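K.L.:
Sharing my_file.txt (compact mmCIF, C-alpha atoms and all ligand atoms) below.
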# COMPACT_ATOMS: atom_id res chain seq x y z
CA MET A 1116 21.42 -122.04 107.40
CA LYS A 1117 18.70 -123.91 105.55
CA ARG A 1118 17.43 -120.68 104.05
CA LEU A 1119 20.94 -119.85 102.88
CA LEU A 1120 21.23 -123.28 101.32
CA ARG A 1121 17.99 -122.92 99.36
CA LEU A 1122 19.08 -119.53 98.13
CA GLY A 1123 22.44 -120.99 97.20
CA LYS A 1124 20.85 -123.72 95.12
CA LEU A 1125 18.97 -121.13 93.17
CA PHE A 1126 22.16 -119.29 92.32
CA VAL A 1127 23.94 -122.43 91.20
CA ALA A 1128 20.91 -123.39 89.10
CA VAL A 1129 21.19 -120.04 87.36
CA ALA A 1130 24.89 -120.60 86.80
CA ALA A 1131 24.20 -124.05 85.41
CA SER A 1132 21.58 -122.78 83.01
CA ALA A 1133 24.12 -120.35 81.62
CA VAL A 1134 26.44 -123.26 80.94
CA LEU A 1135 23.52 -125.04 79.33
CA ALA A 1136 22.92 -122.14 76.99
CA PHE A 1137 26.52 -122.55 75.88
CA GLN A 1138 25.68 -126.17 74.99
CA ALA A 1139 22.15 -125.75 73.65
CA GLY A 1140 20.95 -128.06 70.92
CA ALA A 1141 23.54 -130.79 71.35
CA PRO A 1142 22.41 -134.43 71.78
CA ALA A 1143 23.03 -136.41 74.94
CA SER A 1144 26.51 -137.87 75.19
CA ALA A 1145 27.01 -141.59 74.79
CA ASP A 1146 28.08 -141.70 78.41
CA ASP A 1147 24.56 -140.77 79.53
CA VAL A 1148 23.30 -144.13 78.38
CA ARG A 1149 26.35 -146.31 78.98
CA ALA A 1150 27.65 -147.43 82.33
CA ARG A 1151 31.43 -147.36 82.51
CA SER A 1152 33.66 -149.35 84.76
CA ALA A 1153 36.14 -147.59 87.03
CA PRO A 1154 38.99 -145.95 85.12
CA PRO A 1155 42.49 -147.42 85.58
CA VAL A 1156 43.59 -144.13 87.17
CA ASP A 1157 42.78 -143.64 90.88
CA PHE A 1158 41.28 -140.14 90.87
CA GLN A 1159 40.59 -138.20 94.07
CA LEU A 1160 38.31 -135.21 94.61
CA PRO A 1161 40.55 -132.26 93.56
CA PHE A 1162 40.41 -130.35 96.84
CA THR A 1163 42.27 -130.06 100.12
CA CYS A 1164 41.91 -132.78 102.76
CA GLY A 1165 39.19 -132.16 105.34
CA GLN A 1166 36.94 -130.06 103.10
CA GLN A 1167 33.48 -131.16 102.02
CA TRP A 1168 31.96 -130.29 98.65
CA ARG A 1169 28.58 -130.49 96.98
CA LEU A 1170 28.54 -132.02 93.48
CA ASP A 1171 25.71 -131.38 91.00
CA THR A 1172 25.17 -132.51 87.41
CA TRP A 1173 22.34 -130.00 86.85
CA ALA A 1174 21.55 -130.47 83.13
CA HIS A 1175 25.09 -131.30 81.99
CA ALA A 1176 25.77 -134.85 83.21
CA PRO A 1177 28.33 -136.32 83.36
CA ALA A 1178 30.05 -132.96 84.00
CA LEU A 1179 29.94 -131.78 87.63
CA ASP A 1180 29.61 -128.33 89.23
CA MET A 1181 31.24 -128.20 92.66
CA VAL A 1182 30.66 -125.78 95.56
CA ARG A 1183 31.83 -125.86 99.20
CA GLU A 1184 29.60 -127.29 101.91
CA PRO A 1185 27.54 -126.36 103.74
CA ASP A 1186 26.62 -122.96 102.27
CA GLN A 1187 29.09 -122.36 99.41
CA VAL A 1188 31.14 -119.97 101.54
CA GLY A 1189 34.83 -120.45 100.70
CA THR A 1190 34.20 -121.75 97.18
CA GLU A 1191 35.82 -118.73 95.57
CA GLY A 1192 39.57 -118.93 96.00
CA ALA A 1193 39.56 -122.53 97.25
CA VAL A 1194 42.76 -124.37 96.42
CA LEU A 1195 42.39 -126.74 93.44
CA VAL A 1196 44.66 -129.78 93.39
CA ALA A 1197 45.43 -132.43 90.78
CA ALA A 1198 42.99 -135.35 91.00
CA ALA A 1199 45.79 -137.75 90.03
CA ASP A 1200 49.38 -137.68 88.75
CA GLY A 1201 49.70 -136.29 85.24
CA VAL A 1202 51.10 -133.68 82.87
CA VAL A 1203 49.42 -130.31 82.25
CA ASN A 1204 47.97 -130.44 78.73
CA MET A 1205 46.19 -127.04 78.66
CA SER A 1206 46.46 -123.92 80.81
CA PHE A 1207 44.87 -120.90 79.19
CA SER A 1208 42.06 -118.34 79.28
CA HIS A 1209 39.02 -119.32 77.18
CA ALA A 1210 36.49 -116.74 75.97
CA ASN A 1211 33.49 -118.64 77.42
CA ALA A 1212 34.95 -120.94 80.07
CA GLY A 1213 37.42 -118.52 81.67
CA ASN A 1214 40.64 -119.92 83.08
CA VAL A 1215 40.97 -123.57 82.04
CA ILE A 1216 43.41 -126.26 83.11
CA GLN A 1217 43.42 -129.71 81.56
CA ILE A 1218 45.67 -132.49 82.85
CA ASN A 1219 46.63 -135.61 80.91
CA HIS A 1220 46.68 -138.55 83.34
CA GLY A 1221 47.66 -141.22 80.84
CA ASN A 1222 45.64 -144.23 79.68
CA GLY A 1223 43.51 -141.78 77.64
CA TYR A 1224 42.13 -139.95 80.71
CA PHE A 1225 42.08 -136.17 81.14
CA THR A 1226 40.61 -133.89 83.82
CA THR A 1227 39.37 -130.45 82.75
CA HIS A 1228 38.71 -127.57 85.18
CA LEU A 1229 36.79 -124.40 84.19
CA HIS A 1230 36.15 -120.90 85.58
CA LEU A 1231 39.35 -120.82 87.67
CA GLN A 1232 40.32 -117.69 89.55
CA SER A 1233 43.98 -118.44 88.90
CA ARG A 1234 46.23 -121.04 87.28
CA SER A 1235 49.54 -121.96 88.88
CA VAL A 1236 50.85 -124.57 86.42
CA ALA A 1237 52.02 -124.21 82.82
CA VAL A 1238 51.56 -126.59 79.90
CA GLY A 1239 54.07 -129.43 80.09
CA THR A 1240 54.42 -129.35 83.88
CA ALA A 1241 54.36 -132.77 85.56
CA VAL A 1242 52.03 -132.72 88.59
CA LYS A 1243 51.53 -135.16 91.46
CA GLN A 1244 48.16 -136.14 92.92
CA GLY A 1245 47.19 -133.51 95.50
CA GLN A 1246 49.54 -130.85 94.11
CA THR A 1247 48.07 -127.34 93.88
CA ILE A 1248 47.28 -126.34 90.29
CA GLY A 1249 45.18 -123.20 90.81
CA ARG A 1250 42.21 -121.71 92.63
CA VAL A 1251 38.45 -121.99 92.13
CA GLY A 1252 36.75 -118.90 90.72
CA LYS A 1253 34.06 -117.50 88.47
CA THR A 1254 35.96 -116.50 85.31
CA GLY A 1255 34.31 -116.73 81.89
CA PRO A 1256 30.72 -115.74 81.04
CA THR A 1257 29.42 -119.31 81.39
CA SER A 1258 30.20 -119.18 85.12
CA ASN A 1259 27.45 -116.52 85.27
CA GLY A 1260 29.54 -114.77 87.89
CA HIS A 1261 28.87 -117.58 90.37
CA PRO A 1262 31.98 -119.16 91.93
CA HIS A 1263 32.11 -122.93 91.28
CA LEU A 1264 34.38 -125.52 89.80
CA HIS A 1265 33.05 -127.02 86.57
CA PHE A 1266 34.80 -130.38 86.38
CA GLU A 1267 34.94 -132.91 83.56
CA LEU A 1268 36.64 -136.27 83.31
CA GLY A 1269 37.53 -136.86 79.68
CA TYR A 1270 38.43 -140.03 77.82
CA ASP A 1271 40.17 -139.82 74.47
CA ALA A 1272 37.73 -142.10 72.67
CA ASN A 1273 38.90 -141.20 69.15
CA GLY A 1274 42.57 -141.64 70.04
CA ASN A 1275 43.76 -138.25 68.79
CA GLY A 1276 45.78 -137.61 71.96
CA GLU A 1277 43.29 -135.14 73.48
CA ALA A 1278 39.92 -135.27 75.23
CA SER A 1279 37.47 -132.65 74.00
CA TRP A 1280 35.45 -130.86 76.69
CA GLY A 1281 32.80 -128.23 77.37
CA THR A 1282 29.79 -129.56 75.46
CA SER A 1283 27.52 -132.57 75.59
CA THR A 1284 29.16 -133.98 72.46
CA SER A 1285 32.66 -133.85 73.90
CA GLU A 1286 34.59 -136.88 75.11
CA ARG A 1287 33.55 -136.45 78.72
CA VAL A 1288 32.66 -139.46 80.85
CA ARG A 1289 31.40 -140.08 84.38
CA PRO A 1290 33.91 -138.92 86.99
CA TRP A 1291 35.15 -141.34 89.63
CA PHE A 1292 36.67 -140.20 92.91
CA ASP A 1293 38.13 -142.61 95.44
CA GLY A 1294 36.52 -145.53 93.62
CA VAL A 1295 33.00 -144.03 93.59
CA GLU A 1296 31.21 -143.11 90.37
CA TYR A 1297 29.47 -139.73 89.97
CA GLY A 1298 27.66 -137.90 87.18
CA GLN A 1299 25.30 -140.72 86.16
CA SER A 1300 22.41 -138.50 85.08
CA ASN A 1301 21.08 -134.96 85.06
CA GLY A 1302 19.57 -133.46 88.20
CA ARG A 1303 21.72 -135.49 90.60
CA THR A 1304 23.28 -134.04 93.74
CA TRP A 1305 25.92 -135.51 96.04
CA ARG A 1306 26.32 -133.81 99.40
CA ASN A 1307 29.35 -133.60 101.69
CA VAL A 1308 31.79 -135.31 99.35
CA ALA A 1309 35.33 -135.27 100.72
CA ARG A 1310 38.67 -136.33 99.32
CA ASP A 1311 39.77 -139.55 100.98
CA CYS A 1312 42.96 -138.52 102.71
CA GLY A 1313 43.04 -141.56 104.98
CA GLY A 1314 41.53 -141.83 108.42
CA THR A 1315 37.83 -141.93 109.22
CA PRO A 1316 35.60 -139.80 106.99
CA PRO A 1317 33.79 -137.00 108.83
CA THR A 1318 30.43 -138.02 110.21
CA SER A 1319 27.90 -136.53 112.58
CA CYS A 1320 27.15 -139.98 113.98
CA SER A 1321 30.22 -140.90 116.02
CA GLY A 1322 28.99 -142.14 119.38
CA VAL A 1323 25.38 -142.29 118.16
CA ASN A 1324 23.79 -145.73 117.74
CA LEU A 1325 22.35 -146.18 114.26
CA ASP A 1326 21.68 -149.91 114.44
CA PHE A 1327 18.13 -150.96 115.25
CA SER A 1328 16.07 -154.05 114.52
CA ALA A 1329 13.26 -151.78 113.25
CA TYR A 1330 12.96 -148.12 112.34
CA ALA A 1331 9.57 -147.02 113.64
CA THR A 1332 7.89 -143.87 112.39
CA ILE A 1333 8.96 -140.81 114.37
CA ARG A 1334 7.42 -137.37 114.23
CA SER A 1335 7.11 -134.10 116.12
CA GLY A 1336 7.03 -134.96 119.83
CA SER A 1337 8.89 -138.28 119.48
CA SER A 1338 12.00 -138.77 121.62
CA GLY A 1339 14.78 -141.25 122.26
CA ASP A 1340 17.59 -143.05 120.49
CA LEU A 1341 15.80 -143.37 117.13
CA VAL A 1342 15.38 -139.60 117.05
CA ARG A 1343 19.06 -139.18 117.89
CA ALA A 1344 19.97 -141.49 114.96
CA ALA A 1345 17.75 -139.48 112.62
CA GLN A 1346 19.31 -136.23 113.84
CA CYS A 1347 22.84 -137.32 112.99
CA ARG A 1348 21.84 -138.70 109.57
CA LEU A 1349 19.99 -135.45 108.79
CA LYS A 1350 23.15 -133.56 109.65
CA ASP A 1351 25.24 -135.87 107.44
CA SER A 1352 22.86 -135.09 104.56
CA GLY A 1353 23.53 -131.36 104.95
CA ASN A 1354 20.28 -130.55 106.78
CA ASP A 1355 21.41 -129.59 110.26
CA PRO A 1356 18.66 -130.23 112.85
CA GLY A 1357 20.74 -128.90 115.75
CA ALA A 1358 22.33 -130.84 118.59
CA PRO A 1359 21.56 -134.61 118.67
CA ASP A 1360 19.48 -134.41 121.85
CA GLY A 1361 16.98 -137.14 121.01
CA ALA A 1362 14.03 -134.74 120.92
CA PHE A 1363 11.96 -134.36 117.74
CA GLY A 1364 11.33 -130.61 117.89
CA PRO A 1365 10.71 -127.94 115.25
CA ASN A 1366 14.33 -127.96 114.04
CA VAL A 1367 14.23 -131.70 113.38
CA GLN A 1368 10.91 -131.31 111.62
CA SER A 1369 12.18 -128.56 109.32
CA ALA A 1370 15.42 -130.47 108.60
CA THR A 1371 13.29 -133.51 107.73
CA ARG A 1372 11.15 -131.45 105.37
CA ALA A 1373 14.28 -130.05 103.71
CA PHE A 1374 15.72 -133.56 103.29
CA GLN A 1375 12.42 -134.83 101.85
CA THR A 1376 12.50 -131.95 99.37
CA ASP A 1377 16.11 -132.78 98.42
CA VAL A 1378 15.37 -136.43 97.64
CA GLY A 1379 11.96 -135.91 96.08
CA LEU A 1380 9.77 -137.51 98.74
CA SER A 1381 6.40 -136.08 99.75
CA VAL A 1382 7.15 -133.36 102.28
CA ASP A 1383 5.38 -134.02 105.58
CA GLY A 1384 8.16 -133.66 108.17
CA VAL A 1385 7.44 -137.19 109.44
CA ILE A 1386 10.13 -139.89 109.30
CA GLY A 1387 8.34 -143.02 108.15
CA ALA A 1388 9.62 -146.02 106.19
CA LYS A 1389 10.40 -144.15 102.97
CA THR A 1390 12.21 -141.27 104.65
CA TRP A 1391 14.10 -143.68 106.93
CA THR A 1392 15.19 -145.66 103.85
CA ALA A 1393 16.49 -142.55 102.09
CA LEU A 1394 18.08 -141.19 105.27
CA LEU A 1395 19.81 -144.42 106.28
CA SER A 1396 21.14 -145.12 102.76
CA TYR A 1397 22.31 -141.55 102.18
CA GLY A 1398 25.94 -141.32 101.00
CA SER A 1399 28.27 -142.85 98.44
CA THR A 1400 27.17 -145.70 96.17
CA PRO A 1401 29.96 -148.27 95.95
CA THR A 1402 29.04 -151.61 94.38
CA LEU A 1403 28.40 -154.14 97.16
CA GLN A 1404 27.96 -157.87 96.83
CA SER A 1405 28.50 -161.13 98.61
CA GLY A 1406 31.82 -160.86 100.46
CA SER A 1407 31.81 -157.05 100.73
CA SER A 1408 32.33 -155.63 104.20
CA GLY A 1409 32.63 -152.37 106.08
CA ALA A 1410 30.66 -149.26 106.94
CA ASP A 1411 28.94 -149.12 103.53
CA VAL A 1412 27.51 -152.61 104.09
CA SER A 1413 26.16 -151.53 107.50
CA ARG A 1414 24.56 -148.51 105.85
CA LEU A 1415 22.95 -150.84 103.29
CA GLN A 1416 21.72 -153.22 106.01
CA ARG A 1417 20.06 -150.38 107.94
CA ALA A 1418 18.37 -149.05 104.79
CA LEU A 1419 17.09 -152.53 103.88
CA THR A 1420 15.72 -153.00 107.40
CA ALA A 1421 13.75 -149.78 106.99
CA ALA A 1422 12.68 -150.44 103.40
CA LEU A 1423 11.53 -154.02 103.93
CA GLY A 1424 10.08 -153.46 107.37
CA SER A 1425 11.88 -156.56 108.60
CA THR A 1426 15.14 -156.97 110.45
CA VAL A 1427 18.35 -157.42 108.48
CA GLY A 1428 21.30 -158.13 110.75
CA ILE A 1429 23.54 -155.05 110.86
CA ASP A 1430 27.08 -156.39 111.10
CA GLY A 1431 28.91 -154.76 108.18
CA SER A 1432 29.35 -158.11 106.48
CA PHE A 1433 27.54 -158.96 103.21
CA GLY A 1434 26.57 -162.59 103.80
CA PRO A 1435 23.64 -164.78 102.69
CA GLU A 1436 21.05 -162.93 104.82
CA THR A 1437 21.99 -159.58 103.31
CA GLY A 1438 22.03 -161.13 99.83
CA GLN A 1439 18.51 -162.50 100.33
CA ALA A 1440 17.31 -159.11 101.61
CA VAL A 1441 18.80 -157.38 98.56
CA ARG A 1442 17.01 -159.85 96.23
CA THR A 1443 13.73 -159.37 98.07
CA TYR A 1444 14.11 -155.62 97.80
CA GLN A 1445 15.07 -155.72 94.11
CA SER A 1446 12.16 -158.00 93.31
CA SER A 1447 9.59 -155.94 95.20
CA ARG A 1448 10.82 -152.70 93.58
CA ALA A 1449 10.89 -154.09 90.02
CA LEU A 1450 14.66 -153.82 89.81
CA GLY A 1451 16.90 -156.38 88.15
CA VAL A 1452 17.26 -159.21 90.68
CA ASP A 1453 20.96 -160.08 90.92
CA GLY A 1454 21.72 -159.67 94.63
CA ILE A 1455 24.32 -157.03 93.75
CA VAL A 1456 23.91 -153.47 95.02
CA GLY A 1457 24.90 -151.21 92.13
CA PRO A 1458 23.76 -147.75 91.03
CA ALA A 1459 20.11 -148.75 90.38
CA THR A 1460 19.61 -150.38 93.79
CA TRP A 1461 21.41 -147.59 95.66
CA GLY A 1462 19.40 -145.07 93.65
CA ALA A 1463 16.10 -146.68 94.62
CA LEU A 1464 17.08 -146.79 98.30
CA GLN A 1465 18.27 -143.19 98.25
CA ASP A 1466 14.99 -142.15 96.61
CA GLY A 1467 13.20 -143.76 99.56
CA ARG A 1468 11.57 -146.46 97.46
ZN ZN B 1501 29.08 -126.59 84.95
Take the structure in the file and give it back as structure tokens.
Ligand SMILES: [Zn+2]

P.N.:
Amino acid sequence: MKRLLRLGKLFVAVAASAVLAFQAGAPASADDVRARSAPPVDFQLPFTCGQQWRLDTWAHAPALDMVREPDQVGTEGAVLVAAADGVVNMSFSHANAGNVIQINHGNGYFTTHLHLQSRSVAVGTAVKQGQTIGRVGKTGPTSNGHPHLHFELGYDANGNGEASWGTSTSERVRPWFDGVEYGQSNGRTWRNVARDCGGTPPTSCSGVNLDFSAYATIRSGSSGDLVRAAQCRLKDSGNDPGAPDGAFGPNVQSATRAFQTDVGLSVDGVIGAKTWTALLSYGSTPTLQSGSSGADVSRLQRALTAALGSTVGIDGSFGPETGQAVRTYQSSRALGVDGIVGPATWGALQDGR
């Protein structure tokens, strides 16, 4: 499966470079250098409940290319749904982008979908969030024949009633799905993103203890509960090490190497402090601060325990101890010290810093 995945990345990279060629020479969009707050529209990932998708910016942030997890199988022909309520503003076949649908969601926000296999809504149609609007495909030469959804969130900055799309100078902004921001910079990947359809998000870690007072280095030959925790987090990150049996064998080692490659760590197949930090923090990047609570806070507390090499209580509640740990981490990693876990702090953790 890993081999398939690597091969798949290559193909998407080729597809992305074709899109790039279509945009060559244009300057970076203002959105690349400006953080935006969440839009007033509650967008969801535009796919069917229960599916997981890989999101990449490649070289066209904040636009996203989306393929099905774990190996892209099922991308072509996948049902595309409206990310939020709106009215269809465009539904046509474009010479470069293939079948295009753009939806006007109000408040100046538009979603634009390229390379569709088919379109099932006409201009002027009112759509509800989650309603089918078409199917994912590979139409238009800029898809390079590789099935994927090219997705843009647009904001009508010049107030002309439209949001331009398709190039780095268009009015595209960072997409948000289920309250999480994506598309911050080029070369970013988000794995196993699912539409929040209620209920518990899929995880490989149910029944596996992830909470430890220290995350010791584990390597080939290690065994026990720490190995089991690493196995389920590797699987969550899209690098399946096989059954969570608590034994650090060849499959765990190769999954670790693949994960280290993904996040840009030195590739040694050993799970030390840096790899633990990246592995334990892996996932979405919601802003967390004093008073926050839930599974994302627990994930932060585990990552801080690994990064700092000292115990941070893992209780899912962002209190004074967590706040102090965040400040210590930010200070030691030359980040802005504000005790708030935003994109920069999550990014550092997920890079294994
Ligand atoms: Zn694209």

K.L.:
Taking the point (40.1, -146.3, 89.3) as given in the file, collect each protein or nucleic acid residue that comes within 12 Å of it, counting all atoms listed in the file, and present the set as an MDAnalysis selection string.

P.N.:
chainID A and resid 1151:1159 1198:1199 1220 1222 1224 1289:1296

K.L.:
Which of these residues is nearest to ligand ZN 1501 (chain B), using all atoms listed in the file: A:Gly1431, A:Gly1221, A:Pro1256, A:Pro1458?

P.N.:
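For ligand ZN 1501 (chain B), the nearest of the given residues is A:Pro1256.
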
K.L.:
Work out how far atom CA of Gln1346 of chain A is from atom CA of Asp1360 of chain A, in Å to one decimal.

P.N.:
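Separation of atom CA of Asp1360 of chain A and atom CA of Gln1346 of chain A: 8.2 Å.
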
K.L.:
I'd like the contact shell of Gly1387 of chain A - 9 Å cut-off, only C-alpha atoms, skipping same-chain residues fewer than 4 positions apart - returned as a list in words.

P.N.:
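Near Gly1387 of chain A, the qualifying residues are Tyr1330, Ala1331, Thr1332, Ile1333, Arg1334, Trp1391, Thr1392 and Ala1421 of chain A.
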
K.L.:
Mind pulling up the distance from atom CA of Thr1402 of chain A to atom CA of Pro1435 of chain A?

P.N.:
16.5 Å

K.L.:
Just the number, please: distance in Å from atom CA of Ser1338 of chain A to atom CA of Pro1185 of chain A, one decimal.

P.N.:
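Answer for the atom CA of Ser1338 of chain A to atom CA of Pro1185 of chain A separation: 26.7 Å.
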
K.L.:
Of the candidates A:Val1378, A:Ala1178, A:Leu1464, A:Ala1362, which one gets nearest to Leu1395 of chain A if we count all atoms listed in the file?

P.N.:
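Going through A:Val1378, A:Ala1178, A:Leu1464, A:Ala1362 one by one, the smallest distance to Leu1395 of chain A is for A:Leu1464.
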
K.L.:
Let me make sure I understand: among A:Pro1365, A:Gly1192, A:Gly1269, A:Gly1255, which one has the smallest atom-to-atom distance to Asn1219 of chain A if we use only C-alpha atoms?

P.N.:
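Comparing A:Pro1365, A:Gly1192, A:Gly1269, A:Gly1255 against Asn1219 of chain A, the winner is A:Gly1269.
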
K.L.:
Give the answer as one residue: which of A:Thr1226, A:Thr1400, A:Leu1423, A:Asp1430 has the shortest atom-to-atom distance to Ser1446 of chain A, using all atoms listed in the file?

P.N.:
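Checking each of A:Thr1226, A:Thr1400, A:Leu1423, A:Asp1430 against Ser1446 of chain A, counting all atoms listed in the file, the winner is A:Leu1423.
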
K.L.:
Of the candidates A:Gly1252, A:Val1236, A:Gln1244, A:Leu1264, which one gets nearest to ligand ZN 1501 (chain B) if we count all atoms listed in the file?

P.N.:
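Closest to ligand ZN 1501 (chain B) of all the choices is A:Leu1264.
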
K.L.:
Show me, as a PyMOL selection string, the residues that have an atom within 12 Å of Gly1322 of chain A when counting all atoms listed in the file, minus same-chain residues fewer than 2 positions from it.

P.N.:
chain A and resi 1318-1320+1324-1326+1340+1343-1344+1347+1359

K.L.:
Could you give me, as a list in words, the residues within 8 Å of Val1238 of chain A, counting only C-alpha atoms and dropping anything in the same chain fewer than 4 positions from it?

P.N.:
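So, after excluding close chain neighbours, the residues are Val1202, Val1203, Asn1204, Met1205 and Ser1206 of chain A.
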
K.L.:
Write a file of the selected residues as a tab-separated table (two decimals), keeping the file's coordinate frame, keeping C-alpha atoms.

P.N.:
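Below is the file that was written, selection.tsv:
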chain	number	residue	atom	x	y	z
A	1202	VAL	CA	51.10	-133.68	82.87
A	1203	VAL	CA	49.42	-130.31	82.25
A	1204	ASN	CA	47.97	-130.44	78.73
A	1205	MET	CA	46.19	-127.04	78.66
A	1206	SER	CA	46.46	-123.92	80.81

K.L.:
Rank A:Ala1197, A:Leu1380, A:Ile1248, A:Leu1229 by their smallest atom-to-atom distance to ligand ZN 1501 (chain B), using only C-alpha atoms and all ligand atoms, and report the top residue only.

P.N.:
A:Leu1229

K.L.:
Could you pull the residues within 9 Å of Pro1356 of chain A, counting all atoms listed in the file, minus those fewer than 2 positions along the same chain, as an NGL selection string?

P.N.:
:A and (1346-1347 or 1349-1350 or 1354 or 1358-1359 or 1364-1371)

K.L.:
Fewer than 6 positions away in the same chain doesn't count, so skip those; otherwise give me all residues within 12 Å of Ser1408 of chain A, counting all atoms listed in the file, as number ranges by chain.

P.N.:
A: 1401-1402, 1414-1416, 1429-1434, 1437

K.L.:
Residues proximal to (25.6, -131.1, 83.8) were defined as those with any atom within 9 Å of that point in the file's coordinates, counting all atoms listed in the file. Which are they, as an MDAnalysis selection string?

P.N.:
chainID A and resid 1131 1134:1135 1171:1180 1265 1283 1298 1300:1303

K.L.:
Mind completing segment 1172-1184 of chain A with N, CA and C atoms? Output as a PDB file, in the frame of the given file, please?

P.N.:
ATOM      1  N   THR A1172      25.099-132.385  88.885  1.00  0.00           N
ATOM      2  CA  THR A1172      25.170-132.510  87.410  1.00  0.00           C
ATOM      3  C   THR A1172      24.313-131.448  86.733  1.00  0.00           C
ATOM      4  N   TRP A1173      23.305-130.899  87.483  1.00  0.00           N
ATOM      5  CA  TRP A1173      22.340-130.000  86.850  1.00  0.00           C
ATOM      6  C   TRP A1173      21.877-130.631  85.535  1.00  0.00           C
ATOM      7  N   ALA A1174      21.994-129.902  84.419  1.00  0.00           N
ATOM      8  CA  ALA A1174      21.550-130.470  83.130  1.00  0.00           C
ATOM      9  C   ALA A1174      22.735-130.843  82.249  1.00  0.00           C
ATOM     10  N   HIS A1175      23.934-130.994  82.850  1.00  0.00           N
ATOM     11  CA  HIS A1175      25.090-131.300  81.990  1.00  0.00           C
ATOM     12  C   HIS A1175      25.864-132.545  82.446  1.00  0.00           C
ATOM     13  N   ALA A1176      25.115-133.570  82.912  1.00  0.00           N
ATOM     14  CA  ALA A1176      25.770-134.850  83.210  1.00  0.00           C
ATOM     15  C   ALA A1176      26.517-135.309  81.953  1.00  0.00           C
ATOM     16  N   PRO A1177      27.688-135.925  82.112  1.00  0.00           N
ATOM     17  CA  PRO A1177      28.330-136.320  83.360  1.00  0.00           C
ATOM     18  C   PRO A1177      29.222-135.235  83.985  1.00  0.00           C
ATOM     19  N   ALA A1178      29.242-134.026  83.400  1.00  0.00           N
ATOM     20  CA  ALA A1178      30.050-132.960  84.000  1.00  0.00           C
ATOM     21  C   ALA A1178      29.475-132.572  85.363  1.00  0.00           C
ATOM     22  N   LEU A1179      30.344-132.119  86.272  1.00  0.00           N
ATOM     23  CA  LEU A1179      29.940-131.780  87.630  1.00  0.00           C
ATOM     24  C   LEU A1179      30.253-130.318  87.936  1.00  0.00           C
ATOM     25  N   ASP A1180      29.337-129.638  88.644  1.00  0.00           N
ATOM     26  CA  ASP A1180      29.610-128.330  89.230  1.00  0.00           C
ATOM     27  C   ASP A1180      29.831-128.548  90.724  1.00  0.00           C
ATOM     28  N   MET A1181      30.872-127.953  91.265  1.00  0.00           N
ATOM     29  CA  MET A1181      31.240-128.200  92.660  1.00  0.00           C
ATOM     30  C   MET A1181      31.281-126.901  93.444  1.00  0.00           C
ATOM     31  N   VAL A1182      30.621-126.911  94.625  1.00  0.00           N
ATOM     32  CA  VAL A1182      30.660-125.780  95.560  1.00  0.00           C
ATOM     33  C   VAL A1182      30.925-126.313  96.970  1.00  0.00           C
ATOM     34  N   ARG A1183      31.488-125.456  97.831  1.00  0.00           N
ATOM     35  CA  ARG A1183      31.830-125.860  99.200  1.00  0.00           C
ATOM     36  C   ARG A1183      30.583-126.076 100.036  1.00  0.00           C
ATOM     37  N   GLU A1184      30.617-127.090 100.891  1.00  0.00           N
ATOM     38  CA  GLU A1184      29.600-127.290 101.910  1.00  0.00           C
ATOM     39  C   GLU A1184      29.948-126.421 103.130  1.00  0.00           C
TER      40      GLU A1184
END
